[in-house]
file input_33.txt (compact mmCIF, C-alpha atoms)
# COMPACT_ATOMS: atom_id res chain seq x y z
CA MET A 25 20.13 223.60 214.01
CA GLU A 26 23.49 225.33 213.82
CA VAL A 27 26.54 223.10 213.44
CA LEU A 28 28.29 224.68 216.44
CA ASP A 29 25.28 223.93 218.67
CA LEU A 30 25.35 220.35 217.43
CA ALA A 31 29.08 220.14 218.21
CA LYS A 32 28.43 221.35 221.77
CA ARG A 33 25.75 218.69 222.19
CA TYR A 34 28.19 216.09 220.86
CA ASN A 35 30.86 217.11 223.39
CA LYS A 36 28.31 217.05 226.22
CA PHE A 37 27.23 213.57 225.13
CA GLN A 38 30.87 212.41 225.10
CA ASN A 39 31.38 213.83 228.58
CA ASP A 40 28.18 212.20 229.89
CA VAL A 41 29.27 208.81 228.52
CA GLY A 42 32.71 209.22 230.09
CA GLN A 43 31.23 210.18 233.44
CA PHE A 44 28.93 207.13 233.43
CA SER A 45 26.01 209.59 233.68
CA ASP A 46 22.50 208.30 234.02
CA ILE A 47 21.36 209.20 230.49
CA ASP A 48 19.26 207.29 228.01
CA ILE A 49 22.20 206.72 225.67
CA ASP A 50 20.09 205.02 222.99
CA HIS A 51 17.73 208.00 222.82
CA VAL A 52 20.58 210.51 222.69
CA ILE A 53 22.29 208.56 219.90
CA THR A 54 19.14 208.55 217.77
CA THR A 55 18.59 212.29 218.32
CA LEU A 56 22.20 213.32 217.59
CA PHE A 57 23.45 210.94 214.89
CA ALA A 58 22.21 210.04 211.40
CA GLU A 59 21.65 206.33 210.68
CA SER A 60 24.52 206.44 208.18
CA PHE A 61 26.88 208.01 210.77
CA LYS A 62 30.60 207.31 210.29
CA LYS A 63 33.46 207.87 212.72
CA THR A 64 37.16 207.73 211.90
CA ALA A 65 40.11 208.20 214.25
CA ASN A 66 43.69 208.62 213.06
CA GLY A 67 42.64 207.33 209.64
CA ILE A 68 41.05 204.13 211.01
CA PRO A 69 37.30 203.60 210.57
CA LEU A 70 35.72 203.05 214.00
CA VAL A 71 32.00 203.28 213.29
CA ALA A 72 30.32 202.59 209.95
CA GLN A 73 26.67 202.95 211.08
CA ARG A 74 24.93 204.66 214.00
CA ASN A 75 23.86 201.31 215.49
CA THR A 76 27.50 200.41 216.32
CA LEU A 77 28.41 203.70 218.04
CA LYS A 78 27.26 202.63 221.52
CA ASP A 79 29.44 199.51 221.45
CA GLN A 80 32.45 201.53 220.27
CA LEU A 81 32.02 204.11 223.03
CA PHE A 82 31.54 201.49 225.74
CA ALA A 83 34.65 199.60 224.58
CA VAL A 84 36.70 202.79 224.88
CA ARG A 85 35.15 203.57 228.26
CA GLU A 86 35.98 200.10 229.56
CA HIS A 87 39.62 200.57 228.57
CA ALA A 88 40.04 204.26 229.49
CA GLY A 89 37.88 204.41 232.60
CA LYS A 90 36.03 207.58 233.49
CA TRP A 91 36.84 210.62 231.39
CA THR A 92 36.02 214.28 231.04
CA ILE A 93 35.90 216.42 227.91
CA ASP A 94 37.52 219.86 228.07
CA VAL A 95 36.72 221.81 224.89
CA LYS A 96 39.59 224.05 223.78
CA GLU A 97 38.41 225.34 220.38
CA LEU A 98 35.23 225.27 218.35
CA MET A 99 35.18 226.84 214.90
CA GLU A 100 32.69 226.82 212.03
CA PHE A 101 34.01 226.28 208.50
CA GLN A 102 32.88 228.23 205.44
CA ASN A 103 30.64 225.26 204.73
CA THR A 104 28.01 225.78 207.44
CA TYR A 105 27.45 222.01 207.71
CA ARG A 106 31.00 221.44 209.00
CA CYS A 107 32.99 222.53 212.02
CA PHE A 108 36.28 221.97 213.80
CA ILE A 109 36.50 220.88 217.44
CA ARG A 110 39.64 220.63 219.54
CA TYR A 111 39.31 219.15 223.00
CA HIS A 112 41.19 217.27 225.68
CA LEU A 113 39.85 213.91 226.75
CA LYS A 114 41.18 213.34 230.27
CA SER A 115 40.81 209.69 231.29
CA ILE A 116 41.50 207.95 234.57
CA ASN A 117 43.34 204.94 233.09
CA LEU A 118 45.06 206.37 230.00
CA GLY A 119 45.77 210.02 230.78
CA THR A 120 45.03 213.01 228.57
CA PHE A 121 44.52 212.98 224.81
CA ASP A 122 44.54 216.06 222.60
CA VAL A 123 41.80 215.53 220.00
CA MET A 124 41.17 217.53 216.82
CA ALA A 125 38.02 216.61 214.96
CA THR A 126 35.86 217.71 212.10
CA LEU A 127 32.14 217.21 212.44
CA ARG A 128 29.79 217.12 209.46
CA MET A 129 26.07 217.71 209.90
CA ASN A 130 23.48 216.52 207.40
CA PRO A 131 20.63 218.76 206.13
CA THR A 132 18.26 217.38 208.81
CA GLY A 133 20.56 218.58 211.62
CA LEU A 134 22.08 215.22 212.61
CA ILE A 135 25.74 214.31 212.82
CA GLU A 136 26.72 212.48 209.64
CA GLU A 137 30.46 212.14 210.21
CA ILE A 138 33.19 212.65 212.81
CA ASP A 139 36.83 212.49 211.70
CA GLU A 140 39.28 212.66 214.62
CA VAL A 141 43.02 212.91 214.95
CA TYR A 142 44.35 212.42 218.44
CA TYR A 143 47.62 212.05 220.27
CA GLN A 144 48.68 211.70 223.87

call {"tool": "encode", "arguments": {"input": "input_33.txt", "output": "structure tokens"}}
result
Amino acid sequence: MEVLDLAKRYNKFQNDVGQFSDIDIDHVITTLFAESFKKTANGIPLVAQRNTLKDQLFAVREHAGKWTIDVKELMEFQNTYRCFIRYHLKSINLGTFDVMATLRMNPTGLIEEIDEVYYQ
């Protein structure tokens, strides 16, 4: 799998979660994210293992309400296992956030790490 394709799947997953879509979230998480998945936002660790990602996303969704993801930029790095994503997360309760993230894919094609910086 190409890292940019994986990034597009990640953004679709984020959008589906924010839209309260009828998806099998547990299945999607296991097919997109490595067990050792880590997520950081603005320097703060949010997720240390894949099995805590669902709770983290649902906590954000409860606070932010419905959201949509509007991808602005997607760029592969020289290291073909990494890419840059810039998107706007537009939420009902909290407004719009400009998010810049790096995504790292492991050799098996799963997301190993997301490191985000965001501001409103």

call {"tool": "closest_residue", "arguments": {"input": "input_33.txt", "among": "A:Glu97, A:Asp122, A:Glu26, A:Asp50", "to": "Arg74 (chain A)", "atoms": "all atoms listed in the file"}}
result
A:Asp50

call {"tool": "residues_around", "arguments": {"input": "input_33.txt", "residues": "Thr55 (chain A)", "least_positions_apart": "3", "cutoff": "10 Å", "atoms": "only C-alpha atoms", "output": "list in words"}}
result
Ile49, Asp50, His51, Val52, Ala58, Gly133, Leu134 and Ile135 of chain A

call {"tool": "closest_residue", "arguments": {"input": "input_33.txt", "among": "A:Leu127, A:Gly67, A:Gln43, A:Ser60", "to": "Ser115 (chain A)", "atoms": "all atoms listed in the file"}}
result
A:Gln43

call {"tool": "atom_distance", "arguments": {"input": "input_33.txt", "atom1": "CA of Ile93 (chain A)", "atom2": "CA of Pro131 (chain A)"}}
result
26.7 Å

call {"tool": "atom_distance", "arguments": {"input": "input_33.txt", "atom1": "CA of Val141 (chain A)", "atom2": "CA of Ala65 (chain A)"}}
result
5.6 Å

call {"tool": "closest_residue", "arguments": {"input": "input_33.txt", "among": "A:Thr92, A:Asn66, A:Gln80, A:Asn130", "to": "Ser45 (chain A)", "atoms": "all atoms listed in the file"}}
result
A:Thr92

call {"tool": "closest_residue", "arguments": {"input": "input_33.txt", "among": "A:Phe44, A:Glu136, A:Leu28, A:Phe37", "to": "Arg85 (chain A)", "atoms": "only C-alpha atoms"}}
result
A:Phe44

call {"tool": "closest_residue", "arguments": {"input": "input_33.txt", "among": "A:Val123, A:Leu98, A:Ile116, A:Ala72", "to": "Ala31 (chain A)", "atoms": "all atoms listed in the file"}}
result
A:Leu98

call {"tool": "closest_residue", "arguments": {"input": "input_33.txt", "among": "A:Leu56, A:Cys107, A:Ile68, A:Met99", "to": "Tyr34 (chain A)", "atoms": "all atoms listed in the file"}}
result
A:Leu56

call {"tool": "atom_distance", "arguments": {"input": "input_33.txt", "atom1": "CA of Lys62 (chain A)", "atom2": "CA of Gly42 (chain A)"}}
result
20.0 Å

call {"tool": "residues_near_point", "arguments": {"input": "input_33.txt", "point": "(32.3, 213.7, 209.6)", "cutoff": "9 Å", "atoms": "only C-alpha atoms", "output": "list of chain:residue names"}}
result
A:Phe61, A:Lys62, A:Lys63, A:Thr64, A:Arg106, A:Ala125, A:Thr126, A:Leu127, A:Arg128, A:Met129, A:Ile135, A:Glu136, A:Glu137, A:Ile138, A:Asp139, A:Glu140

call {"tool": "decode", "arguments": {"input": "input_33.txt", "residues": "region 59-70 of chain A", "atoms": "N, CA and C atoms", "output": "mmCIF file, in the first residue's frame"}}
result
data_model
loop_
_atom_site.group_PDB
_atom_site.id
_atom_site.type_symbol
_atom_site.label_atom_id
_atom_site.label_comp_id
_atom_site.auth_asym_id
_atom_site.auth_seq_id
_atom_site.Cartn_x
_atom_site.Cartn_y
_atom_site.Cartn_z
ATOM 1 N N GLU A 59 -1.053 -2.340 15.980
ATOM 2 C CA GLU A 59 -1.329 -2.498 17.421
ATOM 3 C C GLU A 59 -0.555 -1.492 18.249
ATOM 4 N N SER A 60 0.648 -1.163 17.832
ATOM 5 C CA SER A 60 1.507 -0.242 18.580
ATOM 6 C C SER A 60 1.278 1.226 18.179
ATOM 7 N N PHE A 61 0.158 1.508 17.535
ATOM 8 C CA PHE A 61 -0.171 2.853 17.051
ATOM 9 C C PHE A 61 -0.066 3.896 18.160
ATOM 10 N N LYS A 62 0.522 5.056 17.787
ATOM 11 C CA LYS A 62 0.647 6.192 18.708
ATOM 12 C C LYS A 62 0.119 7.441 18.015
ATOM 13 N N LYS A 63 -0.559 8.279 18.803
ATOM 14 C CA LYS A 63 -1.082 9.546 18.286
ATOM 15 C C LYS A 63 -0.735 10.660 19.259
ATOM 16 N N THR A 64 -0.174 11.731 18.707
ATOM 17 C CA THR A 64 0.208 12.899 19.493
ATOM 18 C C THR A 64 -0.445 14.123 18.862
ATOM 19 N N ALA A 65 -0.893 15.055 19.700
ATOM 20 C CA ALA A 65 -1.458 16.307 19.195
ATOM 21 C C ALA A 65 -0.885 17.467 19.999
ATOM 22 N N ASN A 66 -0.307 18.420 19.295
ATOM 23 C CA ASN A 66 0.325 19.582 19.923
ATOM 24 C C ASN A 66 1.297 19.166 21.035
ATOM 25 N N GLY A 67 2.049 18.097 20.763
ATOM 26 C CA GLY A 67 3.065 17.625 21.689
ATOM 27 C C GLY A 67 2.552 16.778 22.838
ATOM 28 N N ILE A 68 1.242 16.547 22.909
ATOM 29 C CA ILE A 68 0.650 15.772 24.008
ATOM 30 C C ILE A 68 0.263 14.389 23.493
ATOM 31 N N PRO A 69 0.763 13.326 24.136
ATOM 32 C CA PRO A 69 0.366 11.976 23.727
ATOM 33 C C PRO A 69 -1.128 11.762 23.986
ATOM 34 N N LEU A 70 -1.846 11.324 22.945
ATOM 35 C CA LEU A 70 -3.283 11.065 23.074
ATOM 36 C C LEU A 70 -3.611 9.584 23.073
#
